[in-house]
Amino acid sequence: MLRFVINFDSSIDRWHSIEERLSSLNISVKRLSAVDGRQKSDSEIASILYPMEYEYRYLFPRLLSKAEVGCFLSHRKCWQKLVESDEDWALVMEDDLIISDRAQFYMKDLSWLPSDIKICQLSTHETNWRLWIKKETIKLSNNDEIIQPLDKAHGTQCYVISREAAVSALKYSERLLAPVDDFLFSPYFEMNKLYGTYRIQPTVVTQEPEGSVIGDRKKESLKAPFWVRHGLNRFLIRTKIKRMCRRGVKVESKFI
């Protein structure tokens, strides 16, 4: 299994900190230089994003900020390296993490992961994040569970992804419509339809309080017109997801 930490060239302290923490758990990782979307020109960004007039803009009714574009492209670099390698899986991490001592169980190998799951989150966006999940869970040998979020499962702080899922992720992200966590884990998008969304519970990673510098969600991004954000298509898909959630249960995504 490949193991990547996405890190800005300028964030040397963050890299040393997470490398030291993972080394204490006997987890070896490779540093992957993050893409700084803020250094890209407006014309470059325009060529990467679906335009505001895109027919499926209602799925995510604003343009991405440059920082979000950089974050997405950084994750794409990880997927590309996995596909070009001889490995079948990659562990992808951002560099702003609090990592539990329990992480070793999940990061050393994937013997805990059922063979039909192709992508799985090891992190929670916030330690008190509440989300709707399917009632059925998968029990693991260490008494943890794998849960299946039904609404948007925020965060790409730490996840494992298979070669198969990485090929699909590259295919469906040749142009960008939404942030990378929406793209991978939101029920609005194709990756969720293909592979579902799975998360360990309790998680072994959460985000540092100051948050990520890789993909800060700035207010600089442009919102779609009101009729797109509150139109019929948006209403119908949100209603469908709400109905799906009502068949599940609401839980707190824990970190221990």
# chains A, B, ... in the order shown; residues from 1 in each chain; ligands from 1

$ closest_atom_pairs --of "stretch 32-121 of chain A" --to "stretch 233-251 of chain A" --cutoff "10 Å" --atoms "only C-alpha atoms" --output "CSV"
residue,atom,partner,partner_atom,distance
A:Tyr56,CA,A:Asn233,CA,9.0
A:Arg57,CA,A:Arg234,CA,9.3
A:Tyr58,CA,A:Arg234,CA,5.5
A:Leu59,CA,A:Arg234,CA,6.7
A:Phe60,CA,A:Arg234,CA,9.0
A:Pro61,CA,A:Arg234,CA,9.0

$ select_by_dssp --residues "stretch 117-239 of chain A" --states "strand (DSSP E)" --output "MDAnalysis selection string"
chainID A and resid 119:121 123:124 129:133 138:139 145:147 158:162 199:201 205:207

$ write_last_selection --atoms "N, CA, C and O atoms" --output "mmCIF file, in the first residue's frame"
data_model
loop_
_atom_site.group_PDB
_atom_site.id
_atom_site.type_symbol
_atom_site.label_atom_id
_atom_site.label_comp_id
_atom_site.auth_asym_id
_atom_site.auth_seq_id
_atom_site.Cartn_x
_atom_site.Cartn_y
_atom_site.Cartn_z
ATOM 1 N N ILE A 119 -13.223 2.273 -1.090
ATOM 2 C CA ILE A 119 -12.741 3.549 -0.560
ATOM 3 C C ILE A 119 -13.367 3.722 0.820
ATOM 4 O O ILE A 119 -14.539 3.399 1.012
ATOM 5 N N CYS A 120 -12.570 4.189 1.784
ATOM 6 C CA CYS A 120 -13.075 4.278 3.159
ATOM 7 C C CYS A 120 -12.369 5.414 3.895
ATOM 8 O O CYS A 120 -11.137 5.527 3.856
ATOM 9 N N GLN A 121 -13.153 6.237 4.584
ATOM 10 C CA GLN A 121 -12.604 7.331 5.385
ATOM 11 C C GLN A 121 -12.088 6.807 6.728
ATOM 12 O O GLN A 121 -12.749 5.996 7.383
ATOM 13 N N SER A 123 -11.075 9.320 8.871
ATOM 14 C CA SER A 123 -11.082 10.580 9.604
ATOM 15 C C SER A 123 -12.496 11.117 9.760
ATOM 16 O O SER A 123 -13.409 10.742 9.027
ATOM 17 N N THR A 124 -12.627 12.026 10.721
ATOM 18 C CA THR A 124 -13.846 12.806 10.867
ATOM 19 C C THR A 124 -13.484 14.281 10.789
ATOM 20 O O THR A 124 -12.441 14.708 11.306
ATOM 21 N N TRP A 129 -19.087 15.916 14.956
ATOM 22 C CA TRP A 129 -19.869 15.985 13.720
ATOM 23 C C TRP A 129 -20.968 14.927 13.743
ATOM 24 O O TRP A 129 -20.706 13.743 13.948
ATOM 25 N N ARG A 130 -22.209 15.352 13.524
ATOM 26 C CA ARG A 130 -23.337 14.422 13.501
ATOM 27 C C ARG A 130 -23.797 14.205 12.068
ATOM 28 O O ARG A 130 -23.878 15.148 11.287
ATOM 29 N N LEU A 131 -24.072 12.950 11.734
ATOM 30 C CA LEU A 131 -24.466 12.630 10.370
ATOM 31 C C LEU A 131 -25.411 11.439 10.358
ATOM 32 O O LEU A 131 -25.441 10.637 11.291
ATOM 33 N N TRP A 132 -26.194 11.355 9.286
ATOM 34 C CA TRP A 132 -27.105 10.240 9.087
ATOM 35 C C TRP A 132 -26.336 9.074 8.486
ATOM 36 O O TRP A 132 -25.549 9.241 7.559
ATOM 37 N N ILE A 133 -26.586 7.866 9.014
ATOM 38 C CA ILE A 133 -25.937 6.670 8.490
ATOM 39 C C ILE A 133 -26.968 5.562 8.313
ATOM 40 O O ILE A 133 -28.066 5.615 8.875
ATOM 41 N N ILE A 138 -20.884 -2.576 9.901
ATOM 42 C CA ILE A 138 -19.989 -3.724 9.765
ATOM 43 C C ILE A 138 -19.079 -3.774 10.979
ATOM 44 O O ILE A 138 -18.337 -2.827 11.248
ATOM 45 N N LYS A 139 -19.147 -4.860 11.736
ATOM 46 C CA LYS A 139 -18.327 -5.011 12.933
ATOM 47 C C LYS A 139 -16.928 -5.490 12.558
ATOM 48 O O LYS A 139 -16.764 -6.391 11.734
ATOM 49 N N GLU A 145 -16.442 -0.248 14.184
ATOM 50 C CA GLU A 145 -17.422 -0.503 13.145
ATOM 51 C C GLU A 145 -17.054 0.252 11.874
ATOM 52 O O GLU A 145 -16.308 1.226 11.924
ATOM 53 N N ILE A 146 -17.586 -0.195 10.774
ATOM 54 C CA ILE A 146 -17.603 0.591 9.550
ATOM 55 C C ILE A 146 -19.038 1.044 9.340
ATOM 56 O O ILE A 146 -19.956 0.222 9.300
ATOM 57 N N ILE A 147 -19.220 2.365 9.271
ATOM 58 C CA ILE A 147 -20.548 2.934 9.075
ATOM 59 C C ILE A 147 -20.664 3.450 7.647
ATOM 60 O O ILE A 147 -19.667 3.657 6.961
ATOM 61 N N CYS A 158 -8.100 11.964 5.714
ATOM 62 C CA CYS A 158 -7.416 10.669 5.700
ATOM 63 C C CYS A 158 -8.382 9.609 5.183
ATOM 64 O O CYS A 158 -9.463 9.432 5.737
ATOM 65 N N TYR A 159 -7.983 8.895 4.140
ATOM 66 C CA TYR A 159 -8.818 7.827 3.592
ATOM 67 C C TYR A 159 -7.939 6.829 2.858
ATOM 68 O O TYR A 159 -6.801 7.125 2.482
ATOM 69 N N VAL A 160 -8.468 5.633 2.666
ATOM 70 C CA VAL A 160 -7.812 4.631 1.824
ATOM 71 C C VAL A 160 -8.626 4.497 0.554
ATOM 72 O O VAL A 160 -9.857 4.555 0.573
ATOM 73 N N ILE A 161 -7.929 4.332 -0.560
ATOM 74 C CA ILE A 161 -8.588 4.246 -1.862
ATOM 75 C C ILE A 161 -7.939 3.145 -2.683
ATOM 76 O O ILE A 161 -6.708 2.998 -2.691
ATOM 77 N N SER A 162 -8.745 2.361 -3.359
ATOM 78 C CA SER A 162 -8.254 1.273 -4.194
ATOM 79 C C SER A 162 -7.860 1.792 -5.570
ATOM 80 O O SER A 162 -8.259 2.880 -5.988
ATOM 81 N N ARG A 199 -16.989 4.795 6.441
ATOM 82 C CA ARG A 199 -16.131 5.471 7.419
ATOM 83 C C ARG A 199 -15.984 4.563 8.631
ATOM 84 O O ARG A 199 -16.949 3.942 9.079
ATOM 85 N N ILE A 200 -14.762 4.478 9.165
ATOM 86 C CA ILE A 200 -14.607 3.725 10.401
ATOM 87 C C ILE A 200 -15.175 4.545 11.557
ATOM 88 O O ILE A 200 -15.196 5.767 11.531
ATOM 89 N N GLN A 201 -15.642 3.825 12.581
ATOM 90 C CA GLN A 201 -16.248 4.459 13.750
ATOM 91 C C GLN A 201 -15.839 3.688 15.001
ATOM 92 O O GLN A 201 -16.136 2.504 15.106
ATOM 93 N N VAL A 205 -8.393 9.602 13.009
ATOM 94 C CA VAL A 205 -7.810 10.882 12.579
ATOM 95 C C VAL A 205 -8.880 11.959 12.668
ATOM 96 O O VAL A 205 -10.045 11.723 12.340
ATOM 97 N N THR A 206 -8.480 13.131 13.125
ATOM 98 C CA THR A 206 -9.332 14.309 13.016
ATOM 99 C C THR A 206 -8.443 15.494 12.647
ATOM 100 O O THR A 206 -7.212 15.374 12.610
ATOM 101 N N GLN A 207 -9.059 16.613 12.385
ATOM 102 C CA GLN A 207 -8.329 17.774 11.877
ATOM 103 C C GLN A 207 -7.870 18.670 13.015
ATOM 104 O O GLN A 207 -8.553 18.836 14.019
#

$ select_by_dssp --residues "stretch 9-183 of chain A" --states "alpha helix (DSSP H)" --output "PyMOL selection string"
chain A and resi 12-24+42-48+66-84+103-107+163-172+180-183

$ closest_atom_pairs --of "stretch 100-179 of chain A" --to "stretch 79-89 of chain A" --cutoff "10 Å" --atoms "only C-alpha atoms" --output "tab-separated table"
residue	atom	partner	partner_atom	distance
A:Asp109	CA	A:Trp89	CA	9.7
A:Leu110	CA	A:Trp89	CA	8.8
A:Lys118	CA	A:Trp89	CA	8.9
A:Ile119	CA	A:Trp89	CA	9.2
A:Val160	CA	A:Trp89	CA	6.9
A:Ile161	CA	A:Trp89	CA	5.7
A:Ser162	CA	A:Trp89	CA	4.4
A:Arg163	CA	A:Asp88	CA	5.0
A:Glu164	CA	A:Asp88	CA	8.0
A:Ala165	CA	A:Trp79	CA	8.7
A:Ala166	CA	A:Trp79	CA	5.1
A:Val167	CA	A:Val83	CA	6.6
A:Ser168	CA	A:Trp79	CA	9.6
A:Ala169	CA	A:Trp79	CA	7.6
A:Leu170	CA	A:Trp79	CA	7.1

$ write_last_selection --atoms "all heavy atoms" --output "compact mmCIF listing (two decimals), in the first residue's frame"
# COMPACT_ATOMS: atom_id res chain seq x y z
N ASP A 109 -1.74 -2.18 7.36
CA ASP A 109 -2.23 -2.98 6.25
C ASP A 109 -3.74 -2.88 6.22
O ASP A 109 -4.35 -2.21 7.07
CB ASP A 109 -1.77 -4.44 6.37
CG ASP A 109 -2.30 -5.12 7.64
OD1 ASP A 109 -3.55 -5.20 7.80
OD2 ASP A 109 -1.48 -5.57 8.46
N LEU A 110 -4.36 -3.55 5.25
CA LEU A 110 -5.81 -3.43 5.06
C LEU A 110 -6.52 -4.76 5.30
O LEU A 110 -7.59 -5.01 4.73
CB LEU A 110 -6.11 -2.92 3.65
CG LEU A 110 -5.59 -1.51 3.36
CD1 LEU A 110 -5.89 -1.12 1.91
CD2 LEU A 110 -6.22 -0.50 4.31
N LYS A 118 -14.18 -0.23 -1.60
CA LYS A 118 -13.10 0.26 -2.45
C LYS A 118 -12.54 1.61 -2.01
O LYS A 118 -11.53 2.06 -2.54
CB LYS A 118 -13.57 0.34 -3.90
CG LYS A 118 -14.10 -0.97 -4.46
CD LYS A 118 -13.07 -2.09 -4.39
CE LYS A 118 -13.61 -3.40 -4.93
NZ LYS A 118 -12.61 -4.50 -4.80
N ILE A 119 -13.22 2.27 -1.09
CA ILE A 119 -12.74 3.55 -0.56
C ILE A 119 -13.37 3.72 0.82
O ILE A 119 -14.54 3.40 1.01
CB ILE A 119 -13.08 4.72 -1.50
CG1 ILE A 119 -12.51 6.04 -0.97
CG2 ILE A 119 -14.56 4.83 -1.77
CD1 ILE A 119 -12.57 7.19 -1.98
N VAL A 160 -8.47 5.63 2.67
CA VAL A 160 -7.81 4.63 1.82
C VAL A 160 -8.63 4.50 0.55
O VAL A 160 -9.86 4.56 0.57
CB VAL A 160 -7.65 3.28 2.53
CG1 VAL A 160 -6.64 3.37 3.66
CG2 VAL A 160 -8.98 2.74 3.05
N ILE A 161 -7.93 4.33 -0.56
CA ILE A 161 -8.59 4.25 -1.86
C ILE A 161 -7.94 3.14 -2.68
O ILE A 161 -6.71 3.00 -2.69
CB ILE A 161 -8.55 5.60 -2.60
CG1 ILE A 161 -9.35 5.54 -3.91
CG2 ILE A 161 -7.13 6.09 -2.83
CD1 ILE A 161 -9.58 6.91 -4.55
N SER A 162 -8.74 2.36 -3.36
CA SER A 162 -8.25 1.27 -4.19
C SER A 162 -7.86 1.79 -5.57
O SER A 162 -8.26 2.88 -5.99
CB SER A 162 -9.34 0.20 -4.35
OG SER A 162 -10.43 0.72 -5.11
N ARG A 163 -7.09 0.99 -6.28
CA ARG A 163 -6.74 1.32 -7.66
C ARG A 163 -8.01 1.50 -8.51
O ARG A 163 -8.12 2.44 -9.30
CB ARG A 163 -5.87 0.22 -8.25
CG ARG A 163 -5.61 0.37 -9.75
CD ARG A 163 -4.92 -0.87 -10.28
NE ARG A 163 -3.59 -0.96 -9.74
CZ ARG A 163 -2.52 -0.38 -10.29
NH1 ARG A 163 -2.67 0.34 -11.39
NH2 ARG A 163 -1.34 -0.51 -9.75
N GLU A 164 -8.98 0.59 -8.33
CA GLU A 164 -10.22 0.67 -9.10
C GLU A 164 -10.92 2.01 -8.87
O GLU A 164 -11.35 2.68 -9.82
CB GLU A 164 -11.15 -0.47 -8.71
CG GLU A 164 -12.51 -0.43 -9.39
CD GLU A 164 -13.46 -1.49 -8.88
OE1 GLU A 164 -13.00 -2.56 -8.43
OE2 GLU A 164 -14.70 -1.26 -8.93
N ALA A 165 -11.06 2.41 -7.61
CA ALA A 165 -11.72 3.67 -7.30
C ALA A 165 -10.91 4.86 -7.80
O ALA A 165 -11.46 5.87 -8.24
CB ALA A 165 -11.98 3.79 -5.81
N ALA A 166 -9.58 4.75 -7.74
CA ALA A 166 -8.72 5.84 -8.21
C ALA A 166 -8.88 6.05 -9.72
O ALA A 166 -8.90 7.19 -10.20
CB ALA A 166 -7.27 5.55 -7.87
N VAL A 167 -8.99 4.96 -10.47
CA VAL A 167 -9.21 5.07 -11.92
C VAL A 167 -10.51 5.82 -12.18
O VAL A 167 -10.57 6.72 -13.02
CB VAL A 167 -9.23 3.67 -12.57
CG1 VAL A 167 -9.74 3.76 -14.00
CG2 VAL A 167 -7.84 3.05 -12.54
N SER A 168 -11.56 5.46 -11.46
CA SER A 168 -12.85 6.14 -11.63
C SER A 168 -12.77 7.60 -11.21
O SER A 168 -13.32 8.48 -11.88
CB SER A 168 -13.93 5.42 -10.81
OG SER A 168 -14.15 4.12 -11.28
N ALA A 169 -12.08 7.86 -10.11
CA ALA A 169 -11.96 9.24 -9.62
C ALA A 169 -11.26 10.11 -10.64
O ALA A 169 -11.65 11.27 -10.87
CB ALA A 169 -11.22 9.26 -8.28
N LEU A 170 -10.22 9.60 -11.27
CA LEU A 170 -9.53 10.36 -12.30
C LEU A 170 -10.44 10.60 -13.50
O LEU A 170 -10.47 11.70 -14.08
CB LEU A 170 -8.25 9.63 -12.73
CG LEU A 170 -7.12 9.61 -11.71
CD1 LEU A 170 -6.03 8.62 -12.13
CD2 LEU A 170 -6.52 11.00 -11.52

$ atom_distance --atom1 "atom CA of A:Leu73" --atom2 "atom CA of A:Thr197"
20.8 Å

$ residues_around --residues "A:Pro187" --least-positions-apart "4" --cutoff "7 Å" --atoms "only C-alpha atoms" --output "JSON, numbers by chain"
{"A": [151, 152, 192, 193]}

$ residues_around --residues "A:Ser11" --least-positions-apart "5" --cutoff "10 Å" --atoms "only C-alpha atoms" --output "ChimeraX atom specification"
/A:16,33-34,95,213

$ closest_residue --among "A:His230, A:Lys171, A:Arg21, A:Lys254" --to "A:Asp144" --atoms "only C-alpha atoms"
A:Lys254

$ residues_around --residues "A:Ser141" --least-positions-apart "5" --cutoff "12 Å" --atoms "only C-alpha atoms" --output "ChimeraX atom specification"
/A:105-106,111-114,146

$ closest_residue --among "A:Ile18, A:Ser65, A:Arg175, A:Tyr198" --to "A:Thr137" --atoms "only C-alpha atoms"
A:Tyr198

$ closest_residue --among "A:Arg62, A:Ile12, A:Arg38, A:Ile6" --to "A:Val228" --atoms "only C-alpha atoms"
A:Arg62

$ closest_residue --among "A:Leu49, A:Ala90, A:Val5, A:Leu177" --to "A:Lys108" --atoms "only C-alpha atoms"
A:Ala90

$ closest_residue --among "A:Ala178, A:Ile98, A:Ala67, A:Ile256" --to "A:Ser17" --atoms "only C-alpha atoms"
A:Ile98

$ atom_distance --atom1 "atom CA of A:Cys78" --atom2 "atom CA of A:Leu22"
18.4 Å

$ atom_distance --atom1 "atom CA of A:Ser24" --atom2 "atom CA of A:Met107"
12.7 Å

$ residues_around --residues "A:Val35" --least-positions-apart "6" --cutoff "8 Å" --atoms "only C-alpha atoms" --output "mmCIF file with N, CA, C and O atoms, in the first residue's frame"
data_model
loop_
_atom_site.group_PDB
_atom_site.id
_atom_site.type_symbol
_atom_site.label_atom_id
_atom_site.label_comp_id
_atom_site.auth_asym_id
_atom_site.auth_seq_id
_atom_site.Cartn_x
_atom_site.Cartn_y
_atom_site.Cartn_z
ATOM 1 N N PHE A 8 2.380 21.310 1.489
ATOM 2 C CA PHE A 8 2.981 22.418 0.745
ATOM 3 C C PHE A 8 4.496 22.438 0.946
ATOM 4 O O PHE A 8 4.990 22.166 2.053
ATOM 5 N N GLY A 70 -6.673 23.748 -5.841
ATOM 6 C CA GLY A 70 -5.369 23.196 -5.495
ATOM 7 C C GLY A 70 -5.489 21.937 -4.661
ATOM 8 O O GLY A 70 -4.760 20.953 -4.877
ATOM 9 N N CYS A 71 -6.399 21.938 -3.704
ATOM 10 C CA CYS A 71 -6.612 20.766 -2.857
ATOM 11 C C CYS A 71 -7.048 19.572 -3.698
ATOM 12 O O CYS A 71 -6.531 18.461 -3.555
ATOM 13 N N LEU A 73 -6.609 19.053 -6.939
ATOM 14 C CA LEU A 73 -5.525 18.614 -7.813
ATOM 15 C C LEU A 73 -4.449 17.857 -7.042
ATOM 16 O O LEU A 73 -3.808 16.934 -7.589
ATOM 17 N N SER A 74 -4.250 18.215 -5.787
ATOM 18 C CA SER A 74 -3.288 17.489 -4.946
ATOM 19 C C SER A 74 -3.742 16.051 -4.728
ATOM 20 O O SER A 74 -2.935 15.107 -4.799
#

$ closest_residue --among "A:Glu55, A:Glu136, A:Glu208, A:Glu68" --to "A:Ala224" --atoms "only C-alpha atoms"
A:Glu55

$ decode --residues "stretch 191-202 of chain A" --atoms "all heavy atoms" --output "PDB file, in the first residue's frame"
ATOM      1  N   MET A 191     -19.062   9.096  -7.666  1.00  0.00           N
ATOM      2  CA  MET A 191     -18.233   8.192  -6.872  1.00  0.00           C
ATOM      3  C   MET A 191     -19.039   7.519  -5.777  1.00  0.00           C
ATOM      4  O   MET A 191     -18.871   6.331  -5.493  1.00  0.00           O
ATOM      5  CB  MET A 191     -17.036   8.938  -6.288  1.00  0.00           C
ATOM      6  CG  MET A 191     -15.984   9.331  -7.307  1.00  0.00           C
ATOM      7  SD  MET A 191     -15.163   7.911  -8.078  1.00  0.00           S
ATOM      8  CE  MET A 191     -14.197   7.289  -6.693  1.00  0.00           C
ATOM      9  N   ASN A 192     -19.935   8.269  -5.148  1.00  0.00           N
ATOM     10  CA  ASN A 192     -20.795   7.693  -4.120  1.00  0.00           C
ATOM     11  C   ASN A 192     -21.725   6.643  -4.724  1.00  0.00           C
ATOM     12  O   ASN A 192     -21.965   5.581  -4.133  1.00  0.00           O
ATOM     13  CB  ASN A 192     -21.596   8.789  -3.434  1.00  0.00           C
ATOM     14  CG  ASN A 192     -22.577   8.258  -2.410  1.00  0.00           C
ATOM     15  OD1 ASN A 192     -23.696   7.871  -2.758  1.00  0.00           O
ATOM     16  ND2 ASN A 192     -22.166   8.206  -1.157  1.00  0.00           N
ATOM     17  N   LYS A 193     -22.243   6.938  -5.906  1.00  0.00           N
ATOM     18  CA  LYS A 193     -23.145   5.985  -6.560  1.00  0.00           C
ATOM     19  C   LYS A 193     -22.420   4.695  -6.927  1.00  0.00           C
ATOM     20  O   LYS A 193     -22.993   3.611  -6.872  1.00  0.00           O
ATOM     21  CB  LYS A 193     -23.755   6.624  -7.803  1.00  0.00           C
ATOM     22  CG  LYS A 193     -24.647   7.818  -7.498  1.00  0.00           C
ATOM     23  CD  LYS A 193     -25.081   8.538  -8.771  1.00  0.00           C
ATOM     24  CE  LYS A 193     -25.868   9.796  -8.455  1.00  0.00           C
ATOM     25  NZ  LYS A 193     -26.204  10.574  -9.676  1.00  0.00           N
ATOM     26  N   LEU A 194     -21.154   4.800  -7.304  1.00  0.00           N
ATOM     27  CA  LEU A 194     -20.384   3.629  -7.710  1.00  0.00           C
ATOM     28  C   LEU A 194     -19.887   2.811  -6.520  1.00  0.00           C
ATOM     29  O   LEU A 194     -19.924   1.576  -6.554  1.00  0.00           O
ATOM     30  CB  LEU A 194     -19.182   4.068  -8.552  1.00  0.00           C
ATOM     31  CG  LEU A 194     -19.462   4.555  -9.970  1.00  0.00           C
ATOM     32  CD1 LEU A 194     -18.193   5.128 -10.586  1.00  0.00           C
ATOM     33  CD2 LEU A 194     -20.003   3.425 -10.831  1.00  0.00           C
ATOM     34  N   TYR A 195     -19.399   3.498  -5.490  1.00  0.00           N
ATOM     35  CA  TYR A 195     -18.670   2.805  -4.431  1.00  0.00           C
ATOM     36  C   TYR A 195     -19.252   2.994  -3.033  1.00  0.00           C
ATOM     37  O   TYR A 195     -18.757   2.396  -2.077  1.00  0.00           O
ATOM     38  CB  TYR A 195     -17.200   3.261  -4.430  1.00  0.00           C
ATOM     39  CG  TYR A 195     -16.523   3.004  -5.744  1.00  0.00           C
ATOM     40  CD1 TYR A 195     -16.194   4.053  -6.600  1.00  0.00           C
ATOM     41  CD2 TYR A 195     -16.244   1.708  -6.157  1.00  0.00           C
ATOM     42  CE1 TYR A 195     -15.584   3.819  -7.825  1.00  0.00           C
ATOM     43  CE2 TYR A 195     -15.638   1.459  -7.380  1.00  0.00           C
ATOM     44  CZ  TYR A 195     -15.315   2.517  -8.208  1.00  0.00           C
ATOM     45  OH  TYR A 195     -14.722   2.281  -9.422  1.00  0.00           O
ATOM     46  N   GLY A 196     -20.284   3.821  -2.905  1.00  0.00           N
ATOM     47  CA  GLY A 196     -20.812   4.104  -1.583  1.00  0.00           C
ATOM     48  C   GLY A 196     -19.843   4.952  -0.777  1.00  0.00           C
ATOM     49  O   GLY A 196     -18.734   5.275  -1.222  1.00  0.00           O
ATOM     50  N   THR A 197     -20.269   5.328   0.411  1.00  0.00           N
ATOM     51  CA  THR A 197     -19.407   6.060   1.335  1.00  0.00           C
ATOM     52  C   THR A 197     -19.301   5.269   2.625  1.00  0.00           C
ATOM     53  O   THR A 197     -20.317   4.885   3.206  1.00  0.00           O
ATOM     54  CB  THR A 197     -19.961   7.466   1.620  1.00  0.00           C
ATOM     55  OG1 THR A 197     -19.950   8.225   0.405  1.00  0.00           O
ATOM     56  CG2 THR A 197     -19.115   8.207   2.655  1.00  0.00           C
ATOM     57  N   TYR A 198     -18.070   5.013   3.048  1.00  0.00           N
ATOM     58  CA  TYR A 198     -17.804   4.230   4.252  1.00  0.00           C
ATOM     59  C   TYR A 198     -16.837   4.993   5.146  1.00  0.00           C
ATOM     60  O   TYR A 198     -15.968   5.721   4.673  1.00  0.00           O
ATOM     61  CB  TYR A 198     -17.196   2.876   3.887  1.00  0.00           C
ATOM     62  CG  TYR A 198     -18.116   1.984   3.084  1.00  0.00           C
ATOM     63  CD1 TYR A 198     -18.132   2.040   1.697  1.00  0.00           C
ATOM     64  CD2 TYR A 198     -18.964   1.084   3.725  1.00  0.00           C
ATOM     65  CE1 TYR A 198     -18.975   1.223   0.951  1.00  0.00           C
ATOM     66  CE2 TYR A 198     -19.811   0.251   3.000  1.00  0.00           C
ATOM     67  CZ  TYR A 198     -19.811   0.327   1.613  1.00  0.00           C
ATOM     68  OH  TYR A 198     -20.646  -0.468   0.876  1.00  0.00           O
ATOM     69  N   ARG A 199     -16.989   4.795   6.441  1.00  0.00           N
ATOM     70  CA  ARG A 199     -16.131   5.471   7.419  1.00  0.00           C
ATOM     71  C   ARG A 199     -15.984   4.563   8.631  1.00  0.00           C
ATOM     72  O   ARG A 199     -16.949   3.942   9.079  1.00  0.00           O
ATOM     73  CB  ARG A 199     -16.757   6.796   7.835  1.00  0.00           C
ATOM     74  CG  ARG A 199     -16.022   7.520   8.968  1.00  0.00           C
ATOM     75  CD  ARG A 199     -16.712   8.811   9.374  1.00  0.00           C
ATOM     76  NE  ARG A 199     -16.655   9.815   8.314  1.00  0.00           N
ATOM     77  CZ  ARG A 199     -17.019  11.078   8.482  1.00  0.00           C
ATOM     78  NH1 ARG A 199     -17.480  11.498   9.653  1.00  0.00           N
ATOM     79  NH2 ARG A 199     -16.934  11.942   7.493  1.00  0.00           N
ATOM     80  N   ILE A 200     -14.762   4.478   9.165  1.00  0.00           N
ATOM     81  CA  ILE A 200     -14.607   3.725  10.401  1.00  0.00           C
ATOM     82  C   ILE A 200     -15.175   4.545  11.557  1.00  0.00           C
ATOM     83  O   ILE A 200     -15.196   5.767  11.531  1.00  0.00           O
ATOM     84  CB  ILE A 200     -13.134   3.338  10.665  1.00  0.00           C
ATOM     85  CG1 ILE A 200     -12.245   4.574  10.812  1.00  0.00           C
ATOM     86  CG2 ILE A 200     -12.620   2.424   9.573  1.00  0.00           C
ATOM     87  CD1 ILE A 200     -10.857   4.254  11.319  1.00  0.00           C
ATOM     88  N   GLN A 201     -15.642   3.825  12.581  1.00  0.00           N
ATOM     89  CA  GLN A 201     -16.248   4.459  13.750  1.00  0.00           C
ATOM     90  C   GLN A 201     -15.839   3.688  15.001  1.00  0.00           C
ATOM     91  O   GLN A 201     -16.136   2.504  15.106  1.00  0.00           O
ATOM     92  CB  GLN A 201     -17.777   4.460  13.591  1.00  0.00           C
ATOM     93  CG  GLN A 201     -18.573   4.914  14.770  1.00  0.00           C
ATOM     94  CD  GLN A 201     -18.625   6.431  14.946  1.00  0.00           C
ATOM     95  OE1 GLN A 201     -17.742   7.145  14.497  1.00  0.00           O
ATOM     96  NE2 GLN A 201     -19.659   6.914  15.598  1.00  0.00           N
ATOM     97  N   PRO A 202     -15.108   4.304  15.938  1.00  0.00           N
ATOM     98  CA  PRO A 202     -14.597   5.672  15.934  1.00  0.00           C
ATOM     99  C   PRO A 202     -13.463   5.825  14.915  1.00  0.00           C
ATOM    100  O   PRO A 202     -12.775   4.874  14.605  1.00  0.00           O
ATOM    101  CB  PRO A 202     -14.077   5.868  17.362  1.00  0.00           C
ATOM    102  CG  PRO A 202     -14.601   4.720  18.155  1.00  0.00           C
ATOM    103  CD  PRO A 202     -14.784   3.605  17.199  1.00  0.00           C
TER     104      PRO A 202
END
